[in-house]
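S.K.: Coordinates in work_15.cif, mmCIF, C-alpha atoms and all ligand atoms, are listed below.
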```
data_upload
loop_
_atom_site.label_atom_id
_atom_site.label_comp_id
_atom_site.auth_asym_id
_atom_site.auth_seq_id
_atom_site.Cartn_x
_atom_site.Cartn_y
_atom_site.Cartn_z
CA MET C 64 -21.34 1.33 -15.26
CA THR C 65 -17.55 1.62 -15.42
CA ARG C 66 -15.93 1.29 -12.04
CA GLU C 67 -13.04 3.54 -11.12
CA PHE C 68 -9.69 1.79 -11.57
CA ILE C 69 -7.87 1.05 -8.32
CA PRO C 70 -4.17 0.63 -9.08
CA ILE C 71 -1.73 -1.26 -6.90
CA TYR C 72 0.21 1.96 -6.42
CA LYS C 73 0.28 5.58 -7.42
CA PRO C 74 2.69 8.21 -6.19
CA TYR C 75 1.48 10.79 -3.70
CA LEU C 76 2.63 13.95 -5.46
CA LYS C 77 1.68 16.76 -3.10
CA GLY C 78 3.35 19.85 -1.65
CA LYS C 79 6.13 21.46 -3.65
CA VAL C 80 6.71 18.73 -6.25
CA LYS C 81 5.43 20.82 -9.16
CA ASP C 82 6.99 24.09 -7.93
CA ASN C 83 10.38 22.41 -7.48
CA ILE C 84 10.31 20.91 -10.97
CA ILE C 85 9.38 24.33 -12.40
CA GLU C 86 12.22 25.89 -10.43
CA CYS C 87 14.67 23.49 -12.12
CA TYR C 88 13.20 24.41 -15.48
CA ASN C 89 13.29 28.16 -14.84
CA SER C 90 16.83 28.06 -13.51
CA SER C 91 17.96 25.68 -16.30
CA TRP C 92 19.56 23.39 -13.65
CA ILE C 93 18.00 20.25 -15.07
CA SER C 94 20.99 17.89 -15.18
CA SER C 95 23.00 16.34 -12.34
CA LYS C 96 24.25 19.58 -10.80
CA GLY C 97 22.10 21.97 -8.80
CA LYS C 98 20.96 22.83 -5.32
CA PHE C 99 18.39 20.05 -4.98
CA ILE C 100 20.99 17.26 -5.08
CA ASP C 101 22.68 18.33 -1.81
CA LYS C 102 19.34 19.27 -0.32
CA PHE C 103 17.85 15.84 -1.03
CA GLU C 104 20.92 13.99 0.26
CA ASN C 105 20.92 16.09 3.43
CA SER C 106 17.21 15.77 4.17
CA PHE C 107 17.36 12.05 3.45
CA SER C 108 20.28 11.57 5.88
CA LYS C 109 18.37 13.50 8.49
CA PHE C 110 15.22 11.41 8.04
CA VAL C 111 17.07 8.09 8.19
CA GLY C 112 19.44 9.22 10.96
CA CYS C 113 22.75 8.69 9.16
CA LYS C 114 25.64 11.06 8.57
CA GLU C 115 25.75 11.09 4.82
CA ALA C 116 23.84 9.78 1.81
CA VAL C 117 24.73 9.59 -1.88
CA SER C 118 22.03 9.96 -4.53
CA VAL C 119 22.10 7.85 -7.70
CA THR C 120 20.02 7.05 -10.78
CA ASN C 121 18.07 4.14 -9.27
CA GLY C 122 18.16 1.40 -6.66
CA THR C 123 19.73 -1.18 -8.97
CA VAL C 124 22.81 0.94 -9.65
CA ALA C 125 22.95 1.71 -5.94
CA LEU C 126 23.39 -2.04 -5.34
CA HIS C 127 26.00 -2.21 -8.09
CA LEU C 128 27.95 0.65 -6.51
CA ALA C 129 27.64 -0.87 -3.03
CA LEU C 130 29.23 -4.12 -4.24
CA LEU C 131 31.93 -2.26 -6.20
CA ALA C 132 32.79 -0.06 -3.23
CA LEU C 133 33.08 -3.18 -1.04
CA ASN C 134 35.53 -4.65 -3.56
CA ILE C 135 33.46 -7.65 -4.55
CA LYS C 136 35.36 -9.36 -7.35
CA PRO C 137 34.52 -11.92 -10.04
CA GLU C 138 34.09 -15.41 -8.54
CA ASP C 139 33.34 -14.00 -5.07
CA GLU C 140 30.11 -15.24 -3.54
CA VAL C 141 27.41 -13.03 -2.07
CA ILE C 142 24.57 -14.51 -0.03
CA VAL C 143 21.15 -13.18 -0.97
CA PRO C 144 17.56 -14.31 -0.38
CA THR C 145 16.00 -16.05 -3.36
CA PHE C 146 12.70 -14.36 -2.50
CA SER C 147 13.48 -10.84 -3.71
CA TYR C 148 13.24 -8.55 -6.70
CA VAL C 149 15.62 -9.52 -9.49
CA ALA C 150 17.79 -6.40 -9.02
CA SER C 151 19.26 -7.83 -5.79
CA ALA C 152 20.87 -10.75 -7.64
CA ASN C 153 21.49 -8.94 -10.93
CA ALA C 154 23.77 -6.43 -9.22
CA ILE C 155 25.90 -9.33 -7.96
CA LYS C 156 26.05 -10.76 -11.49
CA TYR C 157 27.14 -7.38 -12.93
CA LEU C 158 30.44 -7.93 -11.11
CA GLY C 159 30.87 -11.49 -12.29
CA ALA C 160 30.32 -12.60 -8.71
CA LYS C 161 27.97 -15.41 -7.73
CA PRO C 162 24.65 -14.92 -5.93
CA VAL C 163 24.27 -17.76 -3.43
CA PHE C 164 20.62 -18.11 -2.59
CA VAL C 165 19.03 -18.74 0.79
CA ASP C 166 15.37 -19.58 1.45
CA SER C 167 12.90 -17.37 3.32
CA ASN C 168 11.80 -17.61 6.89
CA GLU C 169 8.25 -18.95 6.90
CA LEU C 170 6.98 -16.19 9.21
CA THR C 171 8.78 -13.01 8.21
CA TRP C 172 9.35 -14.00 4.54
CA ASN C 173 12.82 -12.45 4.86
CA ILE C 174 16.08 -14.39 4.56
CA ASP C 175 16.04 -17.41 6.90
CA THR C 176 18.95 -16.62 9.22
CA SER C 177 19.13 -20.26 10.39
CA LYS C 178 20.09 -21.26 6.83
CA ILE C 179 22.79 -18.65 6.17
CA VAL C 180 25.76 -20.40 7.77
CA GLU C 181 25.35 -23.54 5.64
CA ALA C 182 25.55 -21.33 2.51
CA ILE C 183 28.92 -19.82 3.52
CA THR C 184 32.04 -21.07 1.68
CA PRO C 185 35.64 -19.79 1.57
CA LYS C 186 34.54 -17.63 -1.39
CA THR C 187 31.75 -15.85 0.50
CA LYS C 188 32.51 -12.14 0.84
CA ALA C 189 29.20 -10.56 1.77
CA ILE C 190 25.58 -10.96 2.77
CA MET C 191 22.93 -8.87 1.05
CA CYS C 192 19.76 -8.91 3.10
CA VAL C 193 16.48 -7.53 1.77
CA HIS C 194 13.72 -6.05 3.95
CA ILE C 195 11.04 -7.57 1.78
CA TYR C 196 7.85 -5.53 1.23
CA GLY C 197 9.06 -3.24 4.05
CA ASN C 198 9.33 -5.86 6.82
CA PRO C 199 12.65 -5.52 8.70
CA CYS C 200 14.99 -8.55 8.67
CA ASN C 201 16.41 -10.16 11.79
CA MET C 202 19.45 -7.86 11.82
CA ASN C 203 20.79 -9.10 15.16
CA GLU C 204 21.31 -12.59 13.77
CA ILE C 205 22.63 -11.36 10.42
CA LYS C 206 25.13 -9.04 12.10
CA LYS C 207 26.36 -11.86 14.36
CA ILE C 208 27.00 -14.08 11.32
CA CYS C 209 28.81 -11.29 9.47
CA LYS C 210 31.02 -10.67 12.46
CA LYS C 211 31.82 -14.34 13.03
CA PHE C 212 32.69 -15.04 9.37
CA ASN C 213 34.15 -11.61 8.61
CA LEU C 214 31.62 -10.80 5.90
CA LYS C 215 30.51 -7.45 4.57
CA LEU C 216 26.85 -6.54 4.99
CA ILE C 217 24.66 -4.81 2.43
CA GLU C 218 21.10 -3.91 3.40
CA ASP C 219 18.73 -3.70 0.45
CA CYS C 220 16.18 -1.24 1.85
CA ALA C 221 14.66 -0.50 -1.59
CA GLU C 222 11.21 -1.35 -0.22
CA ALA C 223 11.70 -0.27 3.36
CA LEU C 224 11.76 3.50 3.74
CA GLY C 225 10.00 4.18 7.03
CA SER C 226 10.79 0.76 8.57
CA TYR C 227 12.51 0.66 11.95
CA ILE C 228 14.26 -1.76 14.30
CA ASN C 229 14.30 -0.66 17.93
CA ASN C 230 13.70 2.95 16.86
CA ASP C 231 16.57 2.93 14.36
CA HIS C 232 15.72 3.25 10.71
CA VAL C 233 16.63 0.17 8.64
CA GLY C 234 19.91 0.57 6.79
CA LEU C 235 21.96 1.65 9.79
CA ASN C 236 23.45 -1.82 10.35
CA GLY C 237 24.92 -2.46 6.91
CA ASP C 238 28.42 -1.53 5.74
CA ILE C 239 26.44 0.03 2.90
CA SER C 240 22.65 0.22 2.52
CA ILE C 241 20.56 1.23 -0.44
CA PHE C 242 17.12 2.69 -1.14
CA SER C 243 14.96 3.00 -4.27
CA PHE C 244 12.70 5.87 -5.33
CA PHE C 245 10.95 4.20 -8.26
CA GLY C 246 7.40 5.48 -8.88
CA ASN C 247 5.77 2.80 -6.74
CA LYS C 248 8.02 3.31 -3.71
CA THR C 249 7.05 5.05 -0.47
CA ILE C 250 8.65 8.24 -1.75
CA THR C 251 9.57 8.62 -5.40
CA THR C 252 11.81 10.74 -7.57
CA GLY C 253 10.49 9.16 -10.77
CA GLU C 254 13.55 6.92 -10.92
CA GLY C 255 16.18 7.25 -8.23
CA GLY C 256 18.22 5.63 -5.53
CA MET C 257 20.33 6.40 -2.47
CA LEU C 258 23.28 4.79 -0.68
CA ILE C 259 24.19 5.30 2.95
CA SER C 260 27.21 4.22 4.99
CA LYS C 261 28.81 5.14 8.29
CA ASN C 262 32.21 4.76 6.67
CA LYS C 263 33.45 8.03 5.14
CA LYS C 264 35.97 6.19 2.95
CA LEU C 265 33.19 4.10 1.42
CA ILE C 266 31.05 7.21 0.88
CA ASN C 267 33.94 8.95 -0.90
CA ARG C 268 34.54 5.88 -3.04
CA ILE C 269 30.86 5.68 -3.99
CA ARG C 270 30.84 9.39 -4.91
CA LYS C 271 33.87 8.87 -7.14
CA LEU C 272 32.55 5.70 -8.83
CA LYS C 273 29.15 7.23 -9.59
CA ASN C 274 30.84 10.17 -11.32
CA GLN C 275 33.02 8.36 -13.89
CA SER C 276 35.79 8.02 -11.26
CA VAL C 277 36.91 11.54 -12.05
CA SER C 278 39.94 12.70 -10.08
CA ASN C 279 39.44 15.31 -7.36
CA PHE C 280 42.72 16.94 -8.37
CA LYS C 281 42.80 17.05 -12.16
CA GLU C 282 39.96 17.77 -14.60
CA TYR C 283 39.04 15.04 -17.06
CA TRP C 284 41.39 12.60 -15.36
CA HIS C 285 39.93 9.19 -14.58
CA ASP C 286 42.23 6.78 -12.78
CA GLU C 287 39.91 3.76 -12.77
CA LEU C 288 36.73 2.44 -14.37
CA GLY C 289 33.82 4.66 -13.38
CA TYR C 290 30.12 5.03 -14.10
CA ASN C 291 27.59 7.75 -14.78
CA TYR C 292 25.10 6.90 -12.06
CA ARG C 293 24.26 10.48 -11.09
CA MET C 294 20.75 11.57 -10.11
CA THR C 295 19.39 14.65 -11.89
CA ASN C 296 18.51 17.88 -10.10
CA ILE C 297 14.91 17.45 -11.33
CA CYS C 298 14.62 14.02 -9.69
CA ALA C 299 16.24 15.33 -6.50
CA SER C 300 13.80 18.27 -6.47
CA ILE C 301 10.89 15.80 -6.41
CA GLY C 302 12.62 13.88 -3.59
CA VAL C 303 13.06 17.07 -1.55
CA ALA C 304 9.34 17.80 -1.84
CA GLN C 305 8.39 14.21 -1.03
CA LEU C 306 10.51 14.13 2.11
CA GLU C 307 8.60 17.14 3.44
CA TYR C 308 5.54 14.92 3.90
CA VAL C 309 7.03 11.42 4.17
CA LYS C 310 5.61 11.14 7.71
CA GLU C 311 2.12 11.83 6.36
CA ILE C 312 2.60 9.14 3.69
CA LEU C 313 3.76 6.62 6.28
CA GLN C 314 0.88 7.45 8.60
CA LYS C 315 -1.64 6.92 5.78
CA LYS C 316 0.03 3.62 4.92
CA ARG C 317 -0.21 2.48 8.55
CA VAL C 318 -3.95 3.14 8.58
CA ILE C 319 -4.34 1.16 5.34
CA ALA C 320 -2.29 -1.77 6.65
CA LYS C 321 -4.24 -1.86 9.90
CA ARG C 322 -7.53 -2.14 8.01
CA TYR C 323 -6.27 -4.88 5.67
CA ILE C 324 -4.84 -6.87 8.60
CA SER C 325 -8.05 -6.59 10.60
CA ASN C 326 -10.32 -7.44 7.64
CA LEU C 327 -8.14 -10.32 6.48
CA ASN C 328 -7.23 -11.67 9.91
CA GLN C 329 -7.80 -15.25 8.78
CA LEU C 330 -5.05 -14.95 6.16
CA LYS C 331 -1.31 -15.20 6.72
CA SER C 332 0.88 -12.17 6.26
CA GLN C 333 4.42 -11.26 7.34
CA THR C 334 5.25 -11.59 11.02
CA VAL C 335 6.89 -8.41 12.28
CA LEU C 336 9.68 -9.20 14.75
CA PRO C 337 9.43 -7.69 18.26
CA GLY C 338 10.87 -4.18 18.30
CA SER C 339 10.48 -3.79 14.53
CA ILE C 340 8.17 -1.49 12.60
CA ASN C 341 7.06 -2.50 9.12
CA SER C 342 6.43 0.45 6.79
CA TYR C 343 3.94 -1.74 4.90
CA TRP C 344 5.26 -0.61 1.55
CA LEU C 345 2.90 -3.19 0.05
CA ASN C 346 0.09 -5.07 1.76
CA VAL C 347 0.80 -8.70 1.04
CA PHE C 348 -1.15 -11.83 1.95
CA ARG C 349 -0.80 -15.55 1.48
CA LEU C 350 -3.93 -17.21 0.07
CA ASN C 351 -5.07 -20.84 0.34
CA ASN C 352 -3.34 -22.14 -2.75
CA LYS C 353 -2.25 -21.37 -6.32
CA LYS C 354 -5.80 -21.75 -7.66
CA SER C 355 -7.23 -19.31 -5.14
CA VAL C 356 -4.63 -16.71 -6.16
CA LYS C 357 -5.84 -17.00 -9.77
CA LYS C 358 -9.49 -16.81 -8.70
CA VAL C 359 -8.99 -13.86 -6.34
CA ARG C 360 -6.87 -11.91 -8.83
CA GLU C 361 -9.43 -12.48 -11.58
CA ALA C 362 -12.33 -11.42 -9.37
CA LEU C 363 -10.47 -8.25 -8.37
CA LYS C 364 -9.55 -7.53 -11.99
CA ASN C 365 -13.22 -7.84 -12.97
CA ASN C 366 -13.85 -5.11 -10.42
CA ASN C 367 -11.15 -2.93 -11.98
CA ILE C 368 -8.75 -3.56 -9.09
CA GLU C 369 -5.08 -4.16 -9.85
CA THR C 370 -3.05 -6.75 -7.94
CA ARG C 371 0.38 -8.33 -8.36
CA PRO C 372 1.65 -11.80 -7.74
CA PHE C 373 4.62 -12.26 -5.41
CA PHE C 374 8.14 -12.31 -6.81
CA SER C 375 9.21 -15.49 -8.56
CA PRO C 376 12.13 -16.95 -6.63
CA LEU C 377 15.38 -15.77 -8.18
CA HIS C 378 16.90 -19.25 -8.38
CA LYS C 379 14.22 -20.10 -10.96
CA MET C 380 15.23 -17.33 -13.39
CA PRO C 381 17.12 -18.62 -16.45
CA HIS C 382 20.13 -16.33 -15.95
CA LEU C 383 20.40 -17.03 -12.21
CA HIS C 384 19.37 -20.63 -12.27
CA SER C 385 20.18 -22.98 -9.43
CA LYS C 386 18.90 -26.53 -9.09
CA GLN C 387 18.47 -26.17 -5.34
CA LYS C 388 14.98 -26.28 -3.89
CA PHE C 389 13.82 -23.45 -1.67
CA ILE C 390 10.46 -24.65 -0.49
CA ILE C 391 9.25 -21.64 1.48
CA SER C 392 10.09 -19.11 -1.24
CA GLU C 393 8.53 -21.32 -3.89
CA LYS C 394 5.32 -21.66 -1.87
CA LEU C 395 5.21 -17.93 -1.12
CA SER C 396 5.61 -17.15 -4.77
CA GLU C 397 2.69 -19.43 -5.68
CA GLN C 398 0.34 -18.35 -2.93
CA GLY C 399 0.91 -14.64 -2.47
CA VAL C 400 -0.93 -11.59 -3.66
CA CYS C 401 0.09 -7.92 -3.39
CA LEU C 402 -2.84 -5.56 -2.86
CA PRO C 403 -3.38 -1.85 -3.61
CA SER C 404 -1.30 0.07 -1.08
CA PHE C 405 -1.09 3.71 -2.16
CA PRO C 406 -1.57 6.46 0.43
CA GLU C 407 -4.85 7.78 -1.00
CA LEU C 408 -6.59 4.39 -0.96
CA LYS C 409 -9.94 4.76 0.84
CA ILE C 410 -11.18 2.59 3.69
CA LYS C 411 -14.32 1.69 1.76
CA GLU C 412 -12.13 0.56 -1.16
CA ILE C 413 -10.09 -1.65 1.20
CA ASP C 414 -13.28 -3.14 2.58
CA LYS C 415 -14.49 -3.94 -0.92
CA ILE C 416 -11.14 -5.51 -1.87
CA CYS C 417 -11.20 -7.65 1.27
CA ASP C 418 -14.80 -8.81 0.68
CA ILE C 419 -13.86 -10.00 -2.81
CA ILE C 420 -10.79 -11.79 -1.46
CA ILE C 421 -12.71 -13.58 1.29
CA LYS C 422 -15.41 -14.71 -1.17
CA ASN C 423 -12.92 -16.06 -3.68
CA ASN C 424 -10.17 -17.56 -1.52
CA ALA C 425 -11.56 -21.05 -1.84
C1 LIG C 501 14.25 -5.35 -3.18
C2 LIG C 501 14.60 -4.43 -4.30
N1 LIG C 501 15.90 -4.20 -4.56
C3 LIG C 501 16.28 -3.36 -5.53
C4 LIG C 501 15.37 -2.71 -6.31
C5 LIG C 501 15.84 -1.84 -7.44
O1 LIG C 501 15.43 -0.53 -7.39
P1 LIG C 501 15.17 0.31 -8.75
O2 LIG C 501 13.89 -0.17 -9.34
O3 LIG C 501 15.11 1.72 -8.25
O4 LIG C 501 16.33 0.08 -9.64
C6 LIG C 501 14.01 -2.89 -6.08
C7 LIG C 501 13.05 -2.18 -6.90
O5 LIG C 501 11.98 -2.15 -7.03
C8 LIG C 501 13.60 -3.79 -5.05
O6 LIG C 501 12.32 -4.04 -4.81
#
```
Now, as a test, write the supplied structure out as structure tokens.

M.R.:
Amino acid sequence: MTREFIPIYKPYLKGKVKDNIIECYNSSWISSKGKFIDKFENSFSKFVGCKEAVSVTNGTVALHLALLALNIKPEDEVIVPTFSYVASANAIKYLGAKPVFVDSNELTWNIDTSKIVEAITPKTKAIMCVHIYGNPCNMNEIKKICKKFNLKLIEDCAEALGSYINNDHVGLNGDISIFSFFGNKTITTGEGGMLISKNKKLINRIRKLKNQSVSNFKEYWHDELGYNYRMTNICASIGVAQLEYVKEILQKKRVIAKRYISNLNQLKSQTVLPGSINSYWLNVFRLNNKKSVKKVREALKNNNIETRPFFSPLHKMPHLHSKQKFIISEKLSEQGVCLPSFPELKIKEIDKICDIIIKNNA
């Protein structure tokens, strides 16, 4: 008997997604102009609680634009956790700047704030913190350090739509913060990204840079290097539809996370800091050791259940290589497993996944 495949993620494409895409088609507004762009940016700002948001092609270019808008130059240093997705460090490299890695906190798995200060040098210009798997970072500590050392702050919220700190959505502390709408994210636009900032000058600069730095005053006049990082109206139309039921998605994800946490209460997962709300983008657990990860993943695969390993620490990647040792991140990477976390996942499927994990985590 073939068992139904349980993927790690699948987008929750309900509501007006199809109608909105058809509307783009029927109206022929399929490129980067059209009513859905403004609509998506406005509804996104409203959901997050910021004044303005700028849509872009994906989360990686959002990080690139954030660093450009903050005037990060070649040779500048940007502090970033080594335990993250590669895009966080790649964006720093795009500018010829240097990612300076910091290890993870053993409990939250986010950047270890007690190790940031020792990574600061006269070349340090910014900190990029990452709310990993949706768990909010210790923003109080990070903000204090930025203030003391006069550093810019970028929040990589690619994985953290629907995560809050003291009732404020994540992303409201950074000079610039970014989000991703890749197909496996809490809401998707296919590919897509968003930047937010309280600073109107930065917002204007991001808008200019993403649109080939075209002048506001003269057509086809470009007074500096620019980029085509514009989101299409079709992608934005999907985002508009998705935002109409983002609360439903988040509620479903909370139920899923609660079940995983209660079933797997003997395993370690991320500690959520007091006052914070984790959106549980992915349900992630630390197993006994490297061997048990292999055994558990194989057993789940034999049951047609997809899993993912944790990120490899960025300092191990050939193009980002650093000889430093970051013990916590390295251990996390060896011992972690990401479990199916999509909104339509059923309780009985979670129970089955957890049974297999418990049996094989030897
Ligand atoms: C932490 C983090 N930063 C940045 C990105 C980049 O986003 P995108 O895939 O939309 O380029 C991702 C994407 O998955 C991510 O997980």

S.K.: C:Asn328, C:Asn168, C:Asn351, C:Thr252: which is nearest ligand LIG 501 (chain C), counting all atoms listed in the file?

M.R.: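 Distance minimum relative to ligand LIG 501 (chain C) lands on C:Thr252.
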
S.K.: Within 9 Å of ligand LIG 501 (chain C) (counting all atoms listed in the file), which residues show up? I'd like them as a PyMOL selection string.

M.R.: chain C and resi 120-126+147-152+154+193-196+219-223+241-248+254-256

S.K.: Please measure the separation of CA of Leu235 (chain C) and CA of Glu218 (chain C), giving the value in Å to one decimal.

M.R.: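 Straight-line distance from CA of Leu235 (chain C) to CA of Glu218 (chain C) works out to 8.5 Å.
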
S.K.: Find the residues near region 310-327 of chain C: any atom within 7 Å, counting all atoms listed in the file, skip ones fewer than 4 places away on the same chain, and give them as a list in words.

M.R.: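 Here the qualifying residues turn out to be Gly225, Ser342, Tyr343, Asn346, Pro406, Ile413 and Cys417 of chain C.
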
S.K.: Output C-alpha atoms of each residue in that selection to a file, as a CSV table (one decimal), keeping the file's coordinate frame.

M.R.:
```
chain,number,residue,atom,x,y,z
C,225,GLY,CA,10.0,4.2,7.0
C,342,SER,CA,6.4,0.4,6.8
C,343,TYR,CA,3.9,-1.7,4.9
C,346,ASN,CA,0.1,-5.1,1.8
C,406,PRO,CA,-1.6,6.5,0.4
C,413,ILE,CA,-10.1,-1.6,1.2
C,417,CYS,CA,-11.2,-7.6,1.3
```

S.K.: I need the residue nearest Ser375 (chain C) from this list: C:Gln333, C:Asn279, C:Gln398, C:Ser355. Use only C-alpha atoms for the distance.

M.R.: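 Among the listed residues, C:Gln398 lies closest to Ser375 (chain C).
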
S.K.: Would you kindly return, as a ChimeraX atom specification, each protein, DNA or RNA residue with an atom no farther than 12 Å from any atom of Ile266 (chain C), considering all atoms listed in the file and excluding same-chain residues fewer than 3 positions away?

M.R.: /C:113-118,125,128-129,131-133,238-240,257-263,269-273

S.K.: Pull C-alpha atoms from the residues just selected and write them as a PDB file, keeping the file's coordinate frame.

M.R.:
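Result went into selection_30.pdb, see below:
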```
ATOM      1  CA  CYS C 113      22.750   8.690   9.160  1.00  0.00           C
ATOM      2  CA  LYS C 114      25.640  11.060   8.570  1.00  0.00           C
ATOM      3  CA  GLU C 115      25.750  11.090   4.820  1.00  0.00           C
ATOM      4  CA  ALA C 116      23.840   9.780   1.810  1.00  0.00           C
ATOM      5  CA  VAL C 117      24.730   9.590  -1.880  1.00  0.00           C
ATOM      6  CA  SER C 118      22.030   9.960  -4.530  1.00  0.00           C
ATOM      7  CA  ALA C 125      22.950   1.710  -5.940  1.00  0.00           C
ATOM      8  CA  LEU C 128      27.950   0.650  -6.510  1.00  0.00           C
ATOM      9  CA  ALA C 129      27.640  -0.870  -3.030  1.00  0.00           C
ATOM     10  CA  LEU C 131      31.930  -2.260  -6.200  1.00  0.00           C
ATOM     11  CA  ALA C 132      32.790  -0.060  -3.230  1.00  0.00           C
ATOM     12  CA  LEU C 133      33.080  -3.180  -1.040  1.00  0.00           C
ATOM     13  CA  ASP C 238      28.420  -1.530   5.740  1.00  0.00           C
ATOM     14  CA  ILE C 239      26.440   0.030   2.900  1.00  0.00           C
ATOM     15  CA  SER C 240      22.650   0.220   2.520  1.00  0.00           C
ATOM     16  CA  MET C 257      20.330   6.400  -2.470  1.00  0.00           C
ATOM     17  CA  LEU C 258      23.280   4.790  -0.680  1.00  0.00           C
ATOM     18  CA  ILE C 259      24.190   5.300   2.950  1.00  0.00           C
ATOM     19  CA  SER C 260      27.210   4.220   4.990  1.00  0.00           C
ATOM     20  CA  LYS C 261      28.810   5.140   8.290  1.00  0.00           C
ATOM     21  CA  ASN C 262      32.210   4.760   6.670  1.00  0.00           C
ATOM     22  CA  LYS C 263      33.450   8.030   5.140  1.00  0.00           C
ATOM     23  CA  ILE C 269      30.860   5.680  -3.990  1.00  0.00           C
ATOM     24  CA  ARG C 270      30.840   9.390  -4.910  1.00  0.00           C
ATOM     25  CA  LYS C 271      33.870   8.870  -7.140  1.00  0.00           C
ATOM     26  CA  LEU C 272      32.550   5.700  -8.830  1.00  0.00           C
ATOM     27  CA  LYS C 273      29.150   7.230  -9.590  1.00  0.00           C
TER      28      LYS C 273
END
```

S.K.: Compare C:Asn367, C:Ser95, C:Asn274, C:Asn83 by their minimum atom-to-atom distance to Gln305 (chain C), counting all atoms listed in the file, and give me the closest one.

M.R.: C:Asn83

S.K.: Near Ile205 (chain C), counting all atoms listed in the file, which residues have an atom at most 12 Å away, once you skip same-chain residues fewer than 4 positions from it, shown as a ChimeraX atom specification?

M.R.: /C:142-143,173-180,189-193,199-201,209-218,236-237

S.K.: Of the residues C:Asn105, C:Pro144, C:Ile250, C:Ile420, which is the one nearest to Pro376 (chain C), using only C-alpha atoms?

M.R.: C:Pro144

S.K.: Excluding same-chain residues fewer than 3 positions from Leu350 (chain C), what lies within 8 Å of it counting only C-alpha atoms, as a ChimeraX atom specification?

M.R.: /C:330-331,353,355-356,398-400,424

S.K.: Please provide as a VMD selection string all residues within 12 Å of His384 (chain C), with the sequence filter that same-chain residues fewer than 5 positions apart are discarded (counting only C-alpha atoms).

M.R.: chain C and resid 145 152 to 153 156 161 to 164 375 to 379

S.K.: If I take CA of Ile228 (chain C) and CA of Met202 (chain C), how far is one from the other in Å, to one decimal?

M.R.: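 Atom-to-atom, CA of Ile228 (chain C) and CA of Met202 (chain C) are spaced 8.4 Å apart.
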
S.K.: Figure out the distance between CA of Cys401 (chain C) and CA of Pro372 (chain C), please, to one decimal in Å.

M.R.: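 For CA of Pro372 (chain C) relative to CA of Cys401 (chain C), the distance reads 6.0 Å.
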
S.K.: Using all atoms listed in the file, give me every residue within 9 Å of (13.0, 12.1, -1.3) in file coordinates, as a ChimeraX atom specification.

M.R.: /C:103-104,106-107,244,250-252,298-307,309

S.K.: Pick from C:Lys96, C:Arg66, C:Lys411, C:Lys81: nearest to Arg293 (chain C), with all atoms listed in the file counted?

M.R.: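 For Arg293 (chain C), the nearest of the candidates is C:Lys96.
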
S.K.: For the point (-13.4, -17.7, -6.4) in file coordinates, what residues are within 8 Å, counting all atoms listed in the file? Give the answer as a list in words?

M.R.: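 Within the cut-off we find Ser355, Lys358, Val359, Ala362, Lys422, Asn423, Asn424 and Ala425 of chain C.
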
S.K.: For C-alpha atoms, I'd like the residues from the last selection saved as an mmCIF file, in the frame of the given file.

M.R.:
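selection.cif, written as the output of this step:
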```
data_model
loop_
_atom_site.group_PDB
_atom_site.id
_atom_site.type_symbol
_atom_site.label_atom_id
_atom_site.label_comp_id
_atom_site.auth_asym_id
_atom_site.auth_seq_id
_atom_site.Cartn_x
_atom_site.Cartn_y
_atom_site.Cartn_z
ATOM 1 C CA SER C 355 -7.230 -19.310 -5.140
ATOM 2 C CA LYS C 358 -9.490 -16.810 -8.700
ATOM 3 C CA VAL C 359 -8.990 -13.860 -6.340
ATOM 4 C CA ALA C 362 -12.330 -11.420 -9.370
ATOM 5 C CA LYS C 422 -15.410 -14.710 -1.170
ATOM 6 C CA ASN C 423 -12.920 -16.060 -3.680
ATOM 7 C CA ASN C 424 -10.170 -17.560 -1.520
ATOM 8 C CA ALA C 425 -11.560 -21.050 -1.840
#
```

S.K.: Identify which of the residues C:Phe405, C:Tyr308, C:Phe373, C:Phe389 lies closest to Lys77 (chain C), counting only C-alpha atoms when measuring atom-to-atom distances.

M.R.: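 Using only C-alpha atoms, the shortest distance to Lys77 (chain C) belongs to C:Tyr308.
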
S.K.: Complete region 155-161 of chain C at the level of N, CA and C atoms, written as a PDB file, in the coordinates of the input.

M.R.:
```pdb
ATOM      1  N   ILE C 155      24.779  -8.429  -8.287  1.00  0.00           N
ATOM      2  CA  ILE C 155      25.900  -9.330  -7.960  1.00  0.00           C
ATOM      3  C   ILE C 155      26.493  -9.870  -9.268  1.00  0.00           C
ATOM      4  N   LYS C 156      25.609 -10.222 -10.204  1.00  0.00           N
ATOM      5  CA  LYS C 156      26.050 -10.760 -11.490  1.00  0.00           C
ATOM      6  C   LYS C 156      26.823  -9.706 -12.308  1.00  0.00           C
ATOM      7  N   TYR C 157      26.442  -8.418 -12.165  1.00  0.00           N
ATOM      8  CA  TYR C 157      27.140  -7.380 -12.930  1.00  0.00           C
ATOM      9  C   TYR C 157      28.657  -7.443 -12.691  1.00  0.00           C
ATOM     10  N   LEU C 158      29.033  -7.883 -11.482  1.00  0.00           N
ATOM     11  CA  LEU C 158      30.440  -7.930 -11.110  1.00  0.00           C
ATOM     12  C   LEU C 158      31.091  -9.259 -11.462  1.00  0.00           C
ATOM     13  N   GLY C 159      30.320 -10.151 -12.022  1.00  0.00           N
ATOM     14  CA  GLY C 159      30.870 -11.490 -12.290  1.00  0.00           C
ATOM     15  C   GLY C 159      30.942 -12.323 -11.030  1.00  0.00           C
ATOM     16  N   ALA C 160      30.342 -11.835  -9.971  1.00  0.00           N
ATOM     17  CA  ALA C 160      30.320 -12.600  -8.710  1.00  0.00           C
ATOM     18  C   ALA C 160      29.103 -13.519  -8.731  1.00  0.00           C
ATOM     19  N   LYS C 161      29.036 -14.397  -7.713  1.00  0.00           N
ATOM     20  CA  LYS C 161      27.970 -15.410  -7.730  1.00  0.00           C
ATOM     21  C   LYS C 161      26.954 -15.152  -6.613  1.00  0.00           C
TER      22      LYS C 161
END
```
